[in-house]
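Enquirer: Next comes protein20.txt, compact mmCIF, C-alpha atoms and all ligand atoms:
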# COMPACT_ATOMS: atom_id res chain seq x y z
CA MET A 1 123.98 76.30 224.15
CA LEU A 2 127.00 74.51 222.78
CA ASN A 3 128.61 71.95 225.03
CA PRO A 4 132.29 72.07 225.97
CA PRO A 5 134.29 69.31 224.26
CA ALA A 6 133.33 66.00 225.88
CA SER A 7 136.52 64.37 224.72
CA PRO A 8 140.10 65.55 224.35
CA LEU A 9 140.12 63.88 220.94
CA LYS A 10 140.38 66.33 218.07
CA PHE A 11 140.20 65.19 214.47
CA PRO A 12 142.44 66.95 211.96
CA ARG A 13 139.64 66.87 209.39
CA LEU A 14 136.05 65.79 210.06
CA LEU A 15 133.41 65.50 207.32
CA LEU A 16 129.78 66.39 208.01
CA THR A 17 127.45 65.37 205.16
CA GLY A 18 123.91 66.73 204.95
CA ALA A 19 125.16 69.93 206.57
CA GLY A 20 122.21 71.88 205.15
CA GLY A 21 119.55 69.66 206.74
CA ASN A 22 117.88 70.33 210.09
CA LEU A 23 120.30 68.28 212.14
CA GLY A 24 123.26 69.17 209.92
CA GLN A 25 122.66 72.85 210.64
CA GLU A 26 122.56 72.10 214.37
CA LEU A 27 125.77 70.08 214.25
CA ARG A 28 127.73 72.49 212.02
CA PRO A 29 128.74 74.95 214.77
CA ARG A 30 128.92 72.26 217.46
CA LEU A 31 131.34 69.89 215.70
CA LYS A 32 133.96 72.58 215.19
CA ALA A 33 135.15 72.04 218.77
CA TYR A 34 136.16 68.48 217.87
CA CYS A 35 138.27 69.08 214.77
CA ASP A 36 140.82 71.42 213.22
CA VAL A 37 138.93 71.52 209.92
CA LEU A 38 135.25 70.74 209.44
CA ARG A 39 134.47 69.75 205.87
CA LEU A 40 130.79 70.28 205.05
CA SER A 41 128.79 68.85 202.18
CA ASP A 42 125.25 68.87 200.91
CA CYS A 43 123.51 68.70 197.54
CA ARG A 44 122.20 72.23 198.22
CA ASP A 45 124.24 75.39 198.52
CA LEU A 46 125.74 75.82 202.00
CA GLY A 47 126.96 79.37 201.57
CA ALA A 48 130.52 80.46 202.16
CA ALA A 49 132.89 78.50 204.38
CA ALA A 50 133.58 80.15 207.75
CA ALA A 51 136.96 79.96 209.48
CA GLY A 52 137.95 76.34 210.03
CA GLU A 53 135.44 75.10 207.43
CA GLU A 54 135.59 73.67 203.92
CA VAL A 55 132.40 73.52 201.86
CA GLN A 56 131.55 71.24 198.93
CA THR A 57 128.29 70.88 197.01
CA VAL A 58 128.02 67.15 196.32
CA ALA A 59 125.11 64.82 195.58
CA LEU A 60 125.57 61.50 197.35
CA GLU A 61 124.82 59.57 194.15
CA ASN A 62 127.75 61.21 192.33
CA THR A 63 130.42 58.53 192.67
CA ASP A 64 133.38 60.62 191.49
CA ARG A 65 132.53 63.66 193.61
CA MET A 66 132.06 61.43 196.66
CA MET A 67 135.55 60.04 196.13
CA ASP A 68 136.96 63.60 196.20
CA LEU A 69 134.80 64.48 199.21
CA LEU A 70 136.40 61.82 201.40
CA ASP A 71 139.95 62.67 200.39
CA GLY A 72 142.02 63.63 203.46
CA VAL A 73 139.18 63.03 205.92
CA ASN A 74 139.75 61.29 209.30
CA ALA A 75 136.14 60.52 210.21
CA VAL A 76 132.64 61.12 208.85
CA VAL A 77 129.36 62.19 210.42
CA HIS A 78 126.90 61.13 207.75
CA MET A 79 123.68 63.07 208.15
CA GLY A 80 123.03 63.29 204.39
CA GLY A 81 120.28 61.58 202.41
CA VAL A 82 116.50 61.44 202.33
CA SER A 83 115.12 61.76 205.87
CA THR A 84 111.37 61.24 205.39
CA GLU A 85 109.10 58.84 203.52
CA GLN A 86 109.33 59.60 199.80
CA PRO A 87 108.99 57.83 196.46
CA TRP A 88 111.55 55.13 195.84
CA GLU A 89 113.65 57.00 193.23
CA PRO A 90 115.11 59.71 195.53
CA ILE A 91 115.55 57.16 198.31
CA LEU A 92 117.38 54.83 195.92
CA ALA A 93 119.66 57.66 194.77
CA SER A 94 120.63 59.08 198.18
CA ASN A 95 120.16 56.32 200.71
CA ILE A 96 121.14 53.25 198.69
CA VAL A 97 123.49 54.36 195.88
CA GLY A 98 124.73 57.26 198.02
CA MET A 99 125.54 54.96 200.95
CA VAL A 100 127.50 52.59 198.71
CA ASN A 101 129.38 55.58 197.30
CA LEU A 102 130.19 56.82 200.79
CA TYR A 103 131.52 53.48 202.03
CA GLU A 104 133.45 52.73 198.82
CA ALA A 105 135.06 56.16 199.06
CA ALA A 106 135.84 55.55 202.75
CA ARG A 107 137.46 52.22 201.88
CA LEU A 108 139.57 53.64 199.07
CA LYS A 109 140.54 56.80 200.98
CA GLY A 110 141.36 54.98 204.23
CA VAL A 111 138.64 56.51 206.43
CA LYS A 112 138.19 54.32 209.49
CA ARG A 113 135.16 55.69 211.42
CA ILE A 114 131.69 56.72 210.24
CA VAL A 115 128.81 57.91 212.37
CA PHE A 116 125.71 57.08 210.35
CA ALA A 117 122.39 58.84 210.88
CA SER A 118 120.09 55.84 210.73
CA SER A 119 116.56 56.18 212.04
CA ASN A 120 114.05 54.76 214.49
CA HIS A 121 111.98 53.98 211.39
CA VAL A 122 114.16 50.87 210.89
CA THR A 123 111.96 49.42 213.65
CA GLY A 124 108.86 51.58 213.17
CA PHE A 125 106.47 48.63 212.89
CA TYR A 126 107.08 47.47 216.44
CA ARG A 127 104.17 48.42 218.66
CA GLN A 128 104.27 51.21 221.19
CA ASP A 129 103.66 48.65 223.96
CA GLU A 130 106.90 46.82 223.10
CA VAL A 131 110.45 47.66 224.15
CA VAL A 132 112.88 47.07 221.30
CA ASN A 133 116.60 46.51 221.65
CA THR A 134 119.24 46.91 218.97
CA ARG A 135 119.58 43.15 218.36
CA MET A 136 115.94 42.58 217.48
CA PRO A 137 115.13 42.19 213.77
CA PRO A 138 114.27 45.33 211.79
CA LYS A 139 110.62 46.08 211.05
CA PRO A 140 110.83 49.10 208.75
CA ASP A 141 107.71 51.21 208.43
CA GLY A 142 108.27 52.30 204.81
CA PHE A 143 110.80 52.68 202.00
CA TYR A 144 112.69 55.27 204.08
CA GLY A 145 113.06 52.94 207.08
CA LEU A 146 113.95 50.10 204.72
CA SER A 147 116.73 52.20 203.19
CA LYS A 148 118.13 52.92 206.66
CA ALA A 149 118.07 49.17 207.43
CA PHE A 150 120.10 48.71 204.24
CA GLY A 151 122.53 51.37 205.47
CA GLU A 152 123.03 49.51 208.74
CA ASP A 153 123.66 46.22 206.89
CA LEU A 154 126.09 47.98 204.58
CA ALA A 155 127.95 49.35 207.61
CA GLN A 156 128.13 45.83 209.05
CA LEU A 157 129.59 44.51 205.77
CA TYR A 158 132.26 47.22 205.65
CA TRP A 159 133.22 46.43 209.24
CA ASP A 160 133.38 42.67 208.72
CA ARG A 161 135.26 42.79 205.42
CA TRP A 162 137.26 46.01 205.52
CA GLY A 163 137.49 47.04 209.17
CA ILE A 164 135.68 50.35 208.76
CA GLU A 165 133.94 51.15 212.04
CA THR A 166 130.45 52.61 212.17
CA VAL A 167 128.05 53.67 214.86
CA SER A 168 124.53 53.60 213.42
CA LEU A 169 122.40 56.12 215.28
CA ARG A 170 118.73 55.20 215.17
CA ILE A 171 117.72 58.79 215.75
CA GLY A 172 114.33 59.41 217.32
CA SER A 173 112.72 62.86 217.05
CA SER A 174 115.39 65.52 217.24
CA PHE A 175 113.71 68.90 217.40
CA THR A 176 113.72 71.86 219.78
CA GLU A 177 110.92 70.14 221.72
CA PRO A 178 108.54 67.16 221.40
CA ARG A 179 105.64 68.05 219.10
CA ASP A 180 103.14 65.39 220.16
CA ARG A 181 102.51 62.51 222.57
CA ARG A 182 104.61 60.08 220.51
CA MET A 183 107.63 62.33 220.76
CA LEU A 184 107.53 62.16 224.56
CA ALA A 185 109.07 58.72 223.98
CA THR A 186 111.18 59.49 220.90
CA TYR A 187 112.53 62.96 221.76
CA LEU A 188 116.25 63.69 221.38
CA SER A 189 117.35 67.19 222.37
CA TYR A 190 119.96 68.94 220.23
CA ASP A 191 122.43 68.95 223.13
CA ASP A 192 121.95 65.19 223.56
CA LEU A 193 122.33 64.76 219.79
CA GLU A 194 125.72 66.42 220.09
CA ARG A 195 126.63 64.18 223.05
CA LEU A 196 125.57 61.12 221.07
CA VAL A 197 127.53 62.04 217.93
CA VAL A 198 130.66 62.89 219.93
CA ALA A 199 130.43 59.65 221.92
CA ALA A 200 130.05 57.71 218.65
CA LEU A 201 133.04 59.49 217.12
CA THR A 202 135.33 59.03 220.11
CA ALA A 203 134.45 55.67 221.72
CA PRO A 204 137.70 53.66 221.46
CA ILE A 205 136.29 50.49 219.86
CA VAL A 206 132.90 50.24 218.18
CA GLY A 207 133.09 47.75 215.29
CA HIS A 208 129.60 48.21 213.94
CA SER A 209 127.37 49.29 216.80
CA ILE A 210 123.74 50.37 216.76
CA ILE A 211 122.26 52.78 219.28
CA TYR A 212 118.90 54.50 219.59
CA GLY A 213 119.17 58.28 219.69
CA MET A 214 116.90 59.43 222.49
CA SER A 215 117.11 61.69 225.51
CA ASP A 216 116.55 60.38 229.03
CA ASN A 217 112.78 60.26 228.57
CA GLN A 218 110.50 58.78 231.21
CA THR A 219 108.52 56.92 228.57
CA THR A 220 110.71 54.83 226.30
CA TRP A 221 110.27 52.08 223.71
CA TRP A 222 113.96 51.49 223.14
CA ASP A 223 116.64 49.65 225.09
CA ASN A 224 120.28 50.62 224.52
CA THR A 225 121.69 47.88 226.78
CA HIS A 226 123.89 46.53 223.98
CA ALA A 227 125.36 49.96 223.24
CA LYS A 228 126.71 50.86 226.67
CA HIS A 229 130.27 50.74 225.32
CA ILE A 230 129.52 53.88 223.28
CA GLY A 231 129.45 55.82 226.54
CA TYR A 232 126.49 58.00 225.56
CA ARG A 233 124.80 59.59 228.56
CA PRO A 234 121.78 61.80 227.79
CA LEU A 235 121.32 64.76 230.11
CA ASP A 236 118.00 66.08 228.80
CA SER A 237 114.49 64.65 228.91
CA SER A 238 111.10 65.17 227.27
CA ASP A 239 109.57 65.20 230.76
CA VAL A 240 109.80 68.98 231.11
CA PHE A 241 107.47 69.29 228.09
CA ARG A 242 105.05 66.54 229.15
CA SER A 243 102.23 68.56 230.70
CA ALA A 244 102.19 71.05 227.83
CA VAL A 245 102.12 68.25 225.23
CA GLU A 246 99.37 66.34 227.08
CA ALA A 247 97.30 69.52 227.40
CA ARG A 248 97.62 70.12 223.66
CA GLN A 249 96.77 66.51 222.80
CA PRO A 250 94.61 65.16 225.65
CA VAL A 251 92.95 62.37 223.66
CA ILE A 252 94.61 59.63 221.62
CA ASP A 253 92.75 57.48 219.10
CA THR A 254 94.07 54.08 220.11
CA LYS A 255 92.72 52.52 216.89
CA ASP A 256 94.88 54.83 214.79
CA PRO A 257 97.95 52.93 213.46
CA ALA A 258 99.97 56.10 214.16
CA ALA A 259 99.18 55.60 217.85
CA ILE A 260 99.70 51.83 217.80
CA TYR A 261 103.09 51.60 216.10
CA GLN A 262 106.35 53.24 217.12
CA GLY A 263 106.84 54.84 213.71
CA GLY A 264 103.79 57.05 214.28
CA ALA A 265 102.51 58.79 211.15
CA PHE A 266 105.33 57.20 209.11
CA VAL A 267 103.43 53.87 209.19
CA LYS A 268 100.64 55.57 207.20
CA ALA A 269 102.76 57.73 204.90
CA THR A 270 102.54 56.36 201.38
CA PRO A 271 105.34 56.66 198.89
CA HIS A 272 102.92 55.87 196.06
CA GLY A 273 101.23 59.29 195.79
C1 LIG B 301 113.02 60.54 211.23
O1 LIG B 301 113.74 59.63 210.84
C2 LIG B 301 112.89 61.80 210.47
O2 LIG B 301 114.06 62.12 209.78
C3 LIG B 301 112.45 62.97 211.30
O3 LIG B 301 112.01 64.00 210.43
C4 LIG B 301 111.39 62.64 212.35
O4 LIG B 301 110.16 62.57 211.77
C5 LIG B 301 111.76 61.38 213.11
O5 LIG B 301 112.22 60.32 212.31
C6 LIG B 301 110.64 60.83 213.99
O6 LIG B 301 110.43 59.63 214.00
O7 LIG B 301 109.99 61.62 214.67
The structure given in the file should be rewritten as structure tokens.

Expert:
Amino acid sequence: MLNPPASPLKFPRLLLTGAGGNLGQELRPRLKAYCDVLRLSDCRDLGAAAAGEEVQTVALENTDRMMDLLDGVNAVVHMGGVSTEQPWEPILASNIVGMVNLYEAARLKGVKRIVFASSNHVTGFYRQDEVVNTRMPPKPDGFYGLSKAFGEDLAQLYWDRWGIETVSLRIGSSFTEPRDRRMLATYLSYDDLERLVVAALTAPIVGHSIIYGMSDNQTTWWDNTHAKHIGYRPLDSSDVFRSAVEARQPVIDTKDPAAIYQGGAFVKATPHG
């Protein structure tokens, strides 16, 4: 169910990149309540624009097209880019070159707020018996997590030098429900994802802030103490799925790196084929 607008703030034109991805598709109908025009982009075909939408097919690594994409935009929700562990080349194109293109375009087109879909895999090599806050050093669990750490540093640079604000969302596992024991800690419901994105778009002052994207789960490895100013309040929890998940996966191999580290299977995924 879509939430009623959490904020009276309405953007004249909001850009959602990666609109064809899993989370982009979830956000597409939800973000319309917060803007007059929702501009959508992806490298794949998004189909026809509905009322109140504009659609552009743009690869993040295409510098010129990215410049056009940000023209006339008031704020960006950047969900685009590679979102799993992959070989370096596609990660370099979308998550490194593409991020620089996005922020350069924002600078030149006067866009002042970006909500960046970072990832919990920035800190995936912390152990599951540690609680990590947003000021602790990154420990990426692969090239993908490393590229998201780069994105966060880039956002910090564009805040310090050019005053472009960013909220970096270290998104956990945003699916319809948690799929395994790990996701009892990392789960982020779609409704809470919407609450998080809207809070990040509308908080009055954010500079560059980092926040973990999780629901109000009983088990948690992440501490958002330093992001209270964002005003994100999750209303869902993985707890309602707990008994079903534990019944499906009663035994955990505690010697398996996927069960030791927060990044789960990402710590074993190899980009080298
Ligand atoms: C991510 O960053 C991925 O984009 C997503 O597919 C999930 O696997 C998630 O992390 C996770 O950690 O569960």

Enquirer: Quick one, how far is CA of Ala265 in chain A from atom O1 of ligand LIG 301 (chain B)?

Expert: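 CA of Ala265 in chain A sits 11.3 Å away from atom O1 of ligand LIG 301 (chain B).
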
Enquirer: Sort by chain and increasing residue number a table of all residues of chain A within 9 Å of ligand LIG 301 (chain B), each with its closest pair of atoms and their distance in Å to one decimal, counting only C-alpha atoms and all ligand atoms, and write it as a tab-separated table.

Expert:
residue	atom	partner	partner_atom	distance
A:Asn22	CA	B:LIG301	O3	8.6
A:Val82	CA	B:LIG301	O2	7.9
A:Ser83	CA	B:LIG301	O2	4.1
A:Thr84	CA	B:LIG301	O2	5.2
A:Glu85	CA	B:LIG301	C2	8.5
A:Ala117	CA	B:LIG301	O1	8.7
A:Ser118	CA	B:LIG301	O1	7.4
A:Ser119	CA	B:LIG301	O1	4.6
A:Asn120	CA	B:LIG301	O6	6.1
A:His121	CA	B:LIG301	O1	5.9
A:Val122	CA	B:LIG301	O1	8.8
A:Gly124	CA	B:LIG301	O6	8.2
A:Tyr144	CA	B:LIG301	O1	8.1
A:Gly145	CA	B:LIG301	O1	7.7
A:Arg170	CA	B:LIG301	O1	8.0
A:Ile171	CA	B:LIG301	O1	6.4
A:Gly172	CA	B:LIG301	O6	5.1
A:Ser173	CA	B:LIG301	O7	3.8
A:Ser174	CA	B:LIG301	C5	6.9
A:Phe175	CA	B:LIG301	C4	8.4
A:Pro178	CA	B:LIG301	O7	8.8
A:Arg179	CA	B:LIG301	O7	8.9
A:Arg182	CA	B:LIG301	O7	8.1
A:Met183	CA	B:LIG301	O7	6.6
A:Thr186	CA	B:LIG301	O7	6.7
A:Tyr187	CA	B:LIG301	O7	7.6
A:Gln262	CA	B:LIG301	O6	8.2
A:Gly263	CA	B:LIG301	O6	6.0
A:Gly264	CA	B:LIG301	O6	7.1
A:Ala265	CA	B:LIG301	O6	8.5
A:Phe266	CA	B:LIG301	O6	7.5

Enquirer: Given the choices A:Asp45, A:Asp180, A:Asp223, A:Asp71, which gets closest to Gly110 in chain A if the distance is worked out from only C-alpha atoms?

Expert: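 Closest to Gly110 in chain A of all the choices is A:Asp71.
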
Enquirer: What's around range 25-37 of chain A at 12 Å? Count only C-alpha atoms, leave out sequence neighbours fewer than 6 positions away in its own chain, and write the answer as a ChimeraX atom specification.

Expert: /A:1-19,46-47,49-55,72-80,174-176,189-199,201-202

Enquirer: Could you please take those selected residues and save C-alpha atoms as a short mmCIF file (atom, residue, chain, number, x, y, z; two decimals), keeping the file's coordinate frame?

Expert:
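Output below, filename result38.cif:
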data_model
loop_
_atom_site.label_atom_id
_atom_site.label_comp_id
_atom_site.auth_asym_id
_atom_site.auth_seq_id
_atom_site.Cartn_x
_atom_site.Cartn_y
_atom_site.Cartn_z
CA MET A 1 123.98 76.30 224.15
CA LEU A 2 127.00 74.51 222.78
CA ASN A 3 128.61 71.95 225.03
CA PRO A 4 132.29 72.07 225.97
CA PRO A 5 134.29 69.31 224.26
CA ALA A 6 133.33 66.00 225.88
CA SER A 7 136.52 64.37 224.72
CA PRO A 8 140.10 65.55 224.35
CA LEU A 9 140.12 63.88 220.94
CA LYS A 10 140.38 66.33 218.07
CA PHE A 11 140.20 65.19 214.47
CA PRO A 12 142.44 66.95 211.96
CA ARG A 13 139.64 66.87 209.39
CA LEU A 14 136.05 65.79 210.06
CA LEU A 15 133.41 65.50 207.32
CA LEU A 16 129.78 66.39 208.01
CA THR A 17 127.45 65.37 205.16
CA GLY A 18 123.91 66.73 204.95
CA ALA A 19 125.16 69.93 206.57
CA LEU A 46 125.74 75.82 202.00
CA GLY A 47 126.96 79.37 201.57
CA ALA A 49 132.89 78.50 204.38
CA ALA A 50 133.58 80.15 207.75
CA ALA A 51 136.96 79.96 209.48
CA GLY A 52 137.95 76.34 210.03
CA GLU A 53 135.44 75.10 207.43
CA GLU A 54 135.59 73.67 203.92
CA VAL A 55 132.40 73.52 201.86
CA GLY A 72 142.02 63.63 203.46
CA VAL A 73 139.18 63.03 205.92
CA ASN A 74 139.75 61.29 209.30
CA ALA A 75 136.14 60.52 210.21
CA VAL A 76 132.64 61.12 208.85
CA VAL A 77 129.36 62.19 210.42
CA HIS A 78 126.90 61.13 207.75
CA MET A 79 123.68 63.07 208.15
CA GLY A 80 123.03 63.29 204.39
CA SER A 174 115.39 65.52 217.24
CA PHE A 175 113.71 68.90 217.40
CA THR A 176 113.72 71.86 219.78
CA SER A 189 117.35 67.19 222.37
CA TYR A 190 119.96 68.94 220.23
CA ASP A 191 122.43 68.95 223.13
CA ASP A 192 121.95 65.19 223.56
CA LEU A 193 122.33 64.76 219.79
CA GLU A 194 125.72 66.42 220.09
CA ARG A 195 126.63 64.18 223.05
CA LEU A 196 125.57 61.12 221.07
CA VAL A 197 127.53 62.04 217.93
CA VAL A 198 130.66 62.89 219.93
CA ALA A 199 130.43 59.65 221.92
CA LEU A 201 133.04 59.49 217.12
CA THR A 202 135.33 59.03 220.11
#

Enquirer: Report as a PDB file with C-alpha atoms, in the frame of the given file all protein, DNA and RNA residues lying within 12 Å of Ala106 in chain A, evaluated on only C-alpha atoms, omitting residues in the same chain fewer than 4 positions from it.

Expert:
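Saved as part37.pdb:
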ATOM      1  CA  LEU A  15     133.410  65.500 207.320  1.00  0.00           C
ATOM      2  CA  THR A  63     130.420  58.530 192.670  1.00  0.00           C
ATOM      3  CA  MET A  66     132.060  61.430 196.660  1.00  0.00           C
ATOM      4  CA  MET A  67     135.550  60.040 196.130  1.00  0.00           C
ATOM      5  CA  ASP A  68     136.960  63.600 196.200  1.00  0.00           C
ATOM      6  CA  LEU A  69     134.800  64.480 199.210  1.00  0.00           C
ATOM      7  CA  LEU A  70     136.400  61.820 201.400  1.00  0.00           C
ATOM      8  CA  ASP A  71     139.950  62.670 200.390  1.00  0.00           C
ATOM      9  CA  GLY A  72     142.020  63.630 203.460  1.00  0.00           C
ATOM     10  CA  VAL A  73     139.180  63.030 205.920  1.00  0.00           C
ATOM     11  CA  ASN A  74     139.750  61.290 209.300  1.00  0.00           C
ATOM     12  CA  ALA A  75     136.140  60.520 210.210  1.00  0.00           C
ATOM     13  CA  VAL A  76     132.640  61.120 208.850  1.00  0.00           C
ATOM     14  CA  HIS A  78     126.900  61.130 207.750  1.00  0.00           C
ATOM     15  CA  MET A  99     125.540  54.960 200.950  1.00  0.00           C
ATOM     16  CA  VAL A 100     127.500  52.590 198.710  1.00  0.00           C
ATOM     17  CA  ASN A 101     129.380  55.580 197.300  1.00  0.00           C
ATOM     18  CA  LEU A 102     130.190  56.820 200.790  1.00  0.00           C
ATOM     19  CA  GLY A 110     141.360  54.980 204.230  1.00  0.00           C
ATOM     20  CA  VAL A 111     138.640  56.510 206.430  1.00  0.00           C
ATOM     21  CA  LYS A 112     138.190  54.320 209.490  1.00  0.00           C
ATOM     22  CA  ARG A 113     135.160  55.690 211.420  1.00  0.00           C
ATOM     23  CA  ILE A 114     131.690  56.720 210.240  1.00  0.00           C
ATOM     24  CA  ALA A 155     127.950  49.350 207.610  1.00  0.00           C
ATOM     25  CA  TYR A 158     132.260  47.220 205.650  1.00  0.00           C
ATOM     26  CA  TRP A 159     133.220  46.430 209.240  1.00  0.00           C
ATOM     27  CA  TRP A 162     137.260  46.010 205.520  1.00  0.00           C
ATOM     28  CA  GLY A 163     137.490  47.040 209.170  1.00  0.00           C
ATOM     29  CA  ILE A 164     135.680  50.350 208.760  1.00  0.00           C
ATOM     30  CA  GLU A 165     133.940  51.150 212.040  1.00  0.00           C
ATOM     31  CA  THR A 166     130.450  52.610 212.170  1.00  0.00           C
TER      32      THR A 166
END

Enquirer: Rounded to one decimal place, report the CA of Pro140 in chain A-CA of Asp239 in chain A distance in Å.

Expert: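 It comes out at 27.3 Å.
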
Enquirer: Mind giving me the straight-line distance from CA of Gly98 in chain A to CA of Ser209 in chain A in Å, one decimal?

Expert: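 So the two atoms, CA of Gly98 in chain A and CA of Ser209 in chain A, lie 20.6 Å apart.
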
Enquirer: From the set A:Glu104, A:His229, A:Gly142, A:Pro271, which residue has the shortest atom-to-atom contact distance to Glu89 in chain A, counting only C-alpha atoms?

Expert: A:Pro271

Enquirer: So which one's closest to Tyr261 in chain A, A:Phe150, A:Trp221, A:Tyr232, A:Phe143? Using all atoms listed in the file, please.

Expert: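 Smallest separation from Tyr261 in chain A among the options: A:Trp221.
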
Enquirer: A:Leu169, A:Leu184, A:Ile210, A:Ala203: which is nearest Met136 in chain A, counting all atoms listed in the file?

Expert: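 Between A:Leu169, A:Leu184, A:Ile210, A:Ala203, the residue approaching Met136 in chain A most closely is A:Ile210.
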
Enquirer: Using the file's own x, y and z axes, what box holds all listed atoms of range 110-125 of chain A with 5 Å on each side, keeping edges along x, y and z, and what are its centre and edge lengths in Å to one decimal, as AutoDock Vina command-line options?

Expert:
--center_x 123.9 --center_y 53.7 --center_z 209.4 --size_x 44.9 --size_y 20.2 --size_z 20.3

Enquirer: Which residue gives the smallest distance to Val131 in chain A among A:Ala185, A:Val115, A:Leu154, A:Leu38, with all atoms listed in the file counted?

Expert: A:Ala185

Enquirer: Using only C-alpha atoms, pick whichever of A:Val58, A:Ala247, A:Ile96, A:Ile230 has the shortest atom-to-atom distance to Asp42 in chain A.

Expert: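 Looking only at the distances to Asp42 in chain A, the closest residue turns out to be A:Val58.
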